[in-house]
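Structure first, then comments.
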Amino acid sequence: ETGVTQSPTHLIKTRGQQVTLRCSSQSGHNTVSWYQQALGQGPQFIFQYYREEENGRGNFPPRFSGLQFPNYSSELNVNALELDDSALYLCASSTDRNTGELFFGEGSRLTVL
Amino acid sequence: AQSVSQHNHHVILSEAASLELGCNYSYGGTVNLFWYVQYPGQHLQLLLKYFSGDPLVKGIKGFEAEFIKSKFSFNLRKPSVQWSDTAEYFCAVKLANTGRRALTFGSGTRLQVQP
(Lines give C-alpha, C1' and ligand atoms only; values in the text may rest on other atoms or scores of the structure.)
Protein backbone atom coordinates (compact mmCIF):
# COMPACT_ATOMS: atom_id res chain seq x y z
CA GLU A 1 0.00 0.00 0.00
CA THR A 2 1.33 3.41 -0.96
CA GLY A 3 -1.20 5.52 0.91
CA VAL A 4 -2.24 7.21 -2.34
CA THR A 5 -5.94 6.74 -2.89
CA GLN A 6 -7.93 7.54 -6.00
CA SER A 7 -11.65 7.75 -6.69
CA PRO A 8 -13.65 6.60 -8.44
CA THR A 9 -11.95 3.36 -9.48
CA HIS A 10 -14.07 2.93 -12.60
CA LEU A 11 -16.43 5.20 -14.46
CA ILE A 12 -18.18 5.42 -17.79
CA LYS A 13 -18.95 8.69 -19.55
CA THR A 14 -20.21 9.68 -22.96
CA ARG A 15 -18.47 11.87 -25.49
CA GLY A 16 -18.75 15.56 -24.68
CA GLN A 17 -19.30 15.09 -20.96
CA GLN A 18 -16.99 16.28 -18.21
CA VAL A 19 -15.29 14.18 -15.53
CA THR A 20 -13.55 14.87 -12.21
CA LEU A 21 -11.10 12.38 -10.73
CA ARG A 22 -9.82 12.67 -7.17
CA CYS A 23 -6.58 11.78 -5.43
CA SER A 24 -5.41 11.81 -1.83
CA SER A 25 -1.65 11.94 -1.56
CA GLN A 26 0.47 9.96 0.83
CA SER A 27 1.02 11.56 4.21
CA GLY A 28 3.94 13.98 4.14
CA HIS A 29 3.93 14.33 0.35
CA ASN A 30 3.45 17.85 -1.02
CA THR A 31 3.59 17.13 -4.75
CA VAL A 32 1.03 15.38 -6.92
CA SER A 33 1.46 14.30 -10.54
CA TRP A 34 -1.14 12.91 -12.90
CA TYR A 35 -0.46 10.41 -15.66
CA GLN A 36 -2.61 8.92 -18.40
CA GLN A 37 -2.04 5.27 -19.29
CA ALA A 38 -3.70 4.07 -22.47
CA LEU A 39 -4.12 0.36 -23.03
CA GLY A 40 -0.80 -1.31 -23.84
CA GLN A 41 1.19 1.87 -23.25
CA GLY A 42 3.28 3.31 -20.48
CA PRO A 43 2.01 6.20 -18.37
CA GLN A 44 2.17 9.66 -19.98
CA PHE A 45 2.71 12.79 -17.90
CA ILE A 46 -0.26 15.15 -17.80
CA PHE A 47 0.82 17.69 -15.18
CA GLN A 48 2.22 18.20 -11.70
CA TYR A 49 0.92 20.26 -8.82
CA TYR A 50 3.06 21.72 -6.07
CA ARG A 51 1.85 24.13 -3.39
CA GLU A 52 -1.54 24.35 -5.09
CA GLU A 53 -0.13 25.50 -8.42
CA GLU A 54 0.51 23.72 -11.70
CA ASN A 55 4.24 23.14 -11.77
CA GLY A 56 4.81 21.40 -15.10
CA ARG A 57 2.65 20.11 -17.93
CA GLY A 58 2.92 17.47 -20.64
CA ASN A 59 1.44 17.51 -24.14
CA PHE A 60 -2.19 17.59 -23.14
CA PRO A 61 -4.77 20.16 -24.27
CA PRO A 62 -6.23 22.80 -21.93
CA ARG A 63 -9.42 20.78 -21.45
CA PHE A 64 -7.29 18.74 -19.04
CA SER A 65 -7.06 20.82 -15.88
CA GLY A 66 -6.39 20.24 -12.23
CA LEU A 67 -6.41 21.52 -8.72
CA GLN A 68 -4.42 20.92 -5.59
CA PHE A 69 -5.87 21.68 -2.19
CA PRO A 70 -4.15 22.87 1.01
CA ASN A 71 -4.09 19.29 2.33
CA TYR A 72 -2.20 18.32 -0.88
CA SER A 73 -5.05 16.26 -2.30
CA SER A 74 -5.77 16.86 -5.96
CA GLU A 75 -8.36 16.70 -8.71
CA LEU A 76 -8.05 16.08 -12.42
CA ASN A 77 -10.80 17.54 -14.57
CA VAL A 78 -11.36 16.67 -18.20
CA ASN A 79 -13.90 18.66 -20.24
CA ALA A 80 -15.48 17.79 -23.57
CA LEU A 81 -14.54 14.12 -23.32
CA GLU A 82 -13.36 12.37 -26.47
CA LEU A 83 -13.25 8.65 -27.19
CA ASP A 84 -9.43 8.73 -27.02
CA ASP A 85 -9.62 9.92 -23.41
CA SER A 86 -10.51 6.35 -22.44
CA ALA A 87 -7.58 5.27 -20.27
CA LEU A 88 -6.33 4.58 -16.77
CA TYR A 89 -5.59 7.82 -14.96
CA LEU A 90 -2.86 7.52 -12.38
CA CYS A 91 -2.14 9.87 -9.54
CA ALA A 92 1.30 9.85 -7.96
CA SER A 93 2.55 11.74 -4.95
CA SER A 94 6.09 12.58 -3.93
CA THR A 95 8.04 14.46 -1.32
CA ASP A 96 9.80 16.65 -3.85
CA ARG A 97 8.69 18.24 -7.13
CA ASN A 98 12.05 17.34 -8.73
CA THR A 99 12.13 13.67 -7.87
CA GLY A 100 11.28 10.74 -10.08
CA GLU A 101 10.53 8.58 -7.05
CA LEU A 102 6.79 8.51 -7.27
CA PHE A 103 4.20 6.72 -5.17
CA PHE A 104 1.28 5.72 -7.34
CA GLY A 105 -2.35 5.07 -6.60
CA GLU A 106 -4.23 2.24 -8.26
CA GLY A 107 -5.81 4.54 -10.81
CA SER A 108 -9.21 5.53 -12.11
CA ARG A 109 -10.28 3.70 -15.25
CA LEU A 110 -12.30 5.98 -17.51
CA THR A 111 -14.30 4.65 -20.43
CA VAL A 112 -15.74 7.16 -22.88
CA LEU A 113 -18.54 5.89 -25.11
CA ALA B 1 11.63 15.24 -26.89
CA GLN B 2 13.13 12.35 -25.01
CA SER B 3 11.81 8.84 -25.53
CA VAL B 4 12.21 5.47 -23.86
CA SER B 5 12.21 2.18 -25.76
CA GLN B 6 11.52 -1.22 -24.31
CA HIS B 7 11.96 -3.68 -27.14
CA ASN B 8 10.64 -6.77 -25.37
CA HIS B 9 6.88 -6.43 -25.11
CA HIS B 10 6.15 -9.87 -23.71
CA VAL B 11 8.63 -12.28 -22.18
CA ILE B 12 7.85 -15.80 -21.01
CA LEU B 13 10.35 -17.60 -18.79
CA SER B 14 10.45 -20.70 -16.65
CA GLU B 15 11.25 -20.41 -12.96
CA ALA B 16 14.99 -20.18 -12.23
CA ALA B 17 15.75 -18.79 -15.69
CA SER B 18 17.79 -15.61 -15.94
CA LEU B 19 16.13 -12.38 -16.94
CA GLU B 20 17.31 -9.36 -18.87
CA LEU B 21 14.90 -6.67 -20.00
CA GLY B 22 16.17 -4.01 -22.35
CA CYS B 23 15.67 -0.27 -21.97
CA ASN B 24 17.11 2.46 -24.18
CA TYR B 25 16.49 6.16 -23.99
CA SER B 26 17.15 9.08 -26.28
CA TYR B 27 18.60 12.08 -24.48
CA GLY B 28 22.16 13.31 -24.46
CA GLY B 29 22.13 15.10 -21.13
CA THR B 30 22.14 13.97 -17.54
CA VAL B 31 19.33 11.59 -16.67
CA ASN B 32 17.86 9.88 -13.67
CA LEU B 33 16.77 6.33 -14.49
CA PHE B 34 14.12 4.12 -12.94
CA TRP B 35 12.48 0.76 -13.21
CA TYR B 36 8.92 0.49 -11.96
CA VAL B 37 6.95 -2.74 -11.59
CA GLN B 38 3.25 -3.44 -11.56
CA TYR B 39 2.21 -6.79 -10.11
CA PRO B 40 -1.22 -8.13 -11.14
CA GLY B 41 -3.96 -6.14 -9.44
CA GLN B 42 -1.52 -3.79 -7.73
CA HIS B 43 -0.26 -0.25 -8.19
CA LEU B 44 2.94 0.78 -9.92
CA GLN B 45 5.88 0.72 -7.52
CA LEU B 46 9.54 1.61 -7.70
CA LEU B 47 11.89 -1.33 -8.23
CA LEU B 48 15.19 0.54 -8.46
CA LYS B 49 16.73 3.86 -9.42
CA TYR B 50 19.97 5.35 -10.70
CA PHE B 51 21.03 8.94 -10.14
CA SER B 52 24.82 8.87 -10.23
CA GLY B 53 27.85 6.89 -9.09
CA ASP B 54 28.18 3.12 -9.47
CA PRO B 55 26.41 2.26 -12.74
CA LEU B 56 25.33 -1.11 -11.35
CA VAL B 57 22.41 -0.56 -9.02
CA LYS B 58 20.59 -3.07 -6.89
CA GLY B 59 16.91 -2.95 -6.12
CA ILE B 60 14.35 -4.93 -4.23
CA LYS B 61 13.69 -8.66 -4.67
CA GLY B 62 17.10 -9.43 -6.17
CA PHE B 63 16.78 -7.18 -9.21
CA GLU B 64 19.66 -5.11 -10.53
CA ALA B 65 20.19 -2.77 -13.45
CA GLU B 66 23.24 -1.50 -15.26
CA PHE B 67 23.55 2.00 -16.69
CA ILE B 68 25.72 2.09 -19.82
CA LYS B 69 26.01 5.73 -20.79
CA SER B 70 27.65 5.09 -24.17
CA LYS B 71 24.72 2.88 -25.17
CA PHE B 72 22.00 5.03 -23.58
CA SER B 73 20.81 1.85 -21.89
CA PHE B 74 19.55 0.81 -18.48
CA ASN B 75 18.82 -2.90 -18.68
CA LEU B 76 17.13 -4.78 -15.86
CA ARG B 77 18.47 -8.16 -14.77
CA LYS B 78 17.74 -10.94 -12.33
CA PRO B 79 19.81 -14.14 -12.17
CA SER B 80 16.93 -16.45 -11.29
CA VAL B 81 13.27 -15.49 -11.65
CA GLN B 82 10.43 -16.73 -9.51
CA TRP B 83 6.77 -17.20 -10.32
CA SER B 84 6.06 -14.18 -8.10
CA ASP B 85 8.04 -11.97 -10.51
CA THR B 86 5.19 -12.19 -13.00
CA ALA B 87 4.35 -8.53 -13.60
CA GLU B 88 4.67 -5.65 -16.01
CA TYR B 89 7.95 -3.76 -15.89
CA PHE B 90 8.36 -0.14 -16.95
CA CYS B 91 11.59 1.71 -17.56
CA ALA B 92 11.42 5.47 -16.95
CA VAL B 93 13.69 8.45 -17.47
CA LYS B 94 13.75 11.89 -15.91
CA LEU B 95 15.89 14.71 -17.24
CA ALA B 96 18.11 15.91 -14.43
CA ASN B 97 18.96 19.53 -13.63
CA THR B 98 16.49 20.92 -16.15
CA GLY B 99 13.46 21.78 -14.05
CA ARG B 100 11.45 19.35 -16.18
CA ARG B 101 8.95 17.52 -13.98
CA ALA B 102 7.91 14.70 -16.28
CA LEU B 103 8.90 11.09 -15.87
CA THR B 104 8.96 9.52 -19.35
CA PHE B 105 7.98 5.86 -19.39
CA GLY B 106 8.58 3.12 -21.89
CA SER B 107 5.64 1.07 -23.12
CA GLY B 108 6.37 -1.73 -20.68
CA THR B 109 7.40 -5.39 -20.79
CA ARG B 110 5.00 -8.02 -19.60
CA LEU B 111 6.90 -10.83 -17.87
CA GLN B 112 5.23 -14.17 -17.41
CA VAL B 113 7.07 -16.72 -15.28
CA GLN B 114 5.86 -20.28 -15.59
CA PRO B 115 6.24 -22.63 -12.61
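Each chain in the C-alpha coordinates gets a letter, A, B, ..., in the order shown, and its residues are numbered from 1; ligands are numbered from 1 in order too.
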task = Write out as a ChimeraX atom specification the residues lying within 6 Å of range 58-65 of chain B, counting only C-alpha atoms and excluding same-chain residues fewer than 2 positions away.
result = /B:47-48,56,75-78
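Residue list for chain B within 7 Å of chain A: Gln42, His43, Leu44, Gln45, Lys94, Arg101, Ala102, Leu103, Thr104, Phe105, Gly106, Ser107 and Gly108 of chain B, counting only C-alpha atoms.
Shortest atom-to-atom contact with Thr20 in chain A among A:Leu76, A:Leu81, A:Leu110, A:Leu88: A:Leu76, counting only C-alpha atoms.
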task = Please return as a PyMOL selection string: the residues of chain A that backbone DSSP assigns to strand (DSSP E).
result = chain A and resi 5-7+10-13+19-24+31-37+44-50+53-57+64-68+74-78+87-94+103-104+108-112
Long-range neighbours of Leu46 in chain B as an mmCIF file with all heavy atoms, in the first residue's frame, 7 Å cut-off, only C-alpha atoms, 4 positions minimum in chain:
data_model
loop_
_atom_site.group_PDB
_atom_site.id
_atom_site.type_symbol
_atom_site.label_atom_id
_atom_site.label_comp_id
_atom_site.auth_asym_id
_atom_site.auth_seq_id
_atom_site.Cartn_x
_atom_site.Cartn_y
_atom_site.Cartn_z
ATOM 1 N N TRP B 35 13.323 1.864 -12.823
ATOM 2 C CA TRP B 35 12.477 0.761 -13.213
ATOM 3 C C TRP B 35 11.324 0.691 -12.212
ATOM 4 O O TRP B 35 11.552 0.684 -10.998
ATOM 5 C CB TRP B 35 13.230 -0.567 -13.206
ATOM 6 C CG TRP B 35 14.010 -0.818 -14.454
ATOM 7 C CD1 TRP B 35 15.335 -0.561 -14.686
ATOM 8 C CD2 TRP B 35 13.515 -1.384 -15.675
ATOM 9 N NE1 TRP B 35 15.677 -0.928 -15.951
ATOM 10 C CE2 TRP B 35 14.584 -1.430 -16.591
ATOM 11 C CE3 TRP B 35 12.259 -1.866 -16.089
ATOM 12 C CZ2 TRP B 35 14.448 -1.942 -17.880
ATOM 13 C CZ3 TRP B 35 12.119 -2.357 -17.365
ATOM 14 C CH2 TRP B 35 13.205 -2.399 -18.255
ATOM 15 N N TYR B 36 10.121 0.672 -12.765
ATOM 16 C CA TYR B 36 8.923 0.486 -11.959
ATOM 17 C C TYR B 36 8.307 -0.865 -12.317
ATOM 18 O O TYR B 36 8.436 -1.340 -13.446
ATOM 19 C CB TYR B 36 7.901 1.598 -12.250
ATOM 20 C CG TYR B 36 8.165 2.896 -11.520
ATOM 21 C CD1 TYR B 36 9.093 3.821 -12.008
ATOM 22 C CD2 TYR B 36 7.513 3.182 -10.329
ATOM 23 C CE1 TYR B 36 9.334 5.002 -11.323
ATOM 24 C CE2 TYR B 36 7.748 4.365 -9.645
ATOM 25 C CZ TYR B 36 8.663 5.270 -10.158
ATOM 26 O OH TYR B 36 8.903 6.442 -9.477
ATOM 27 N N VAL B 37 7.592 -1.441 -11.362
ATOM 28 C CA VAL B 37 6.953 -2.735 -11.586
ATOM 29 C C VAL B 37 5.495 -2.660 -11.161
ATOM 30 O O VAL B 37 5.148 -1.953 -10.206
ATOM 31 C CB VAL B 37 7.678 -3.854 -10.812
ATOM 32 C CG1 VAL B 37 7.670 -3.602 -9.313
ATOM 33 C CG2 VAL B 37 7.082 -5.226 -11.125
#
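Of note, CA of Pro70 in chain A and CA of Glu54 in chain A are spaced 13.6 Å apart.
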query = With only C-alpha atoms as the atoms that count, which of B:Cys23, B:Ala87, B:Leu33, B:Ala17 lies nearest to Pro55 in chain B?
reply = B:Leu33
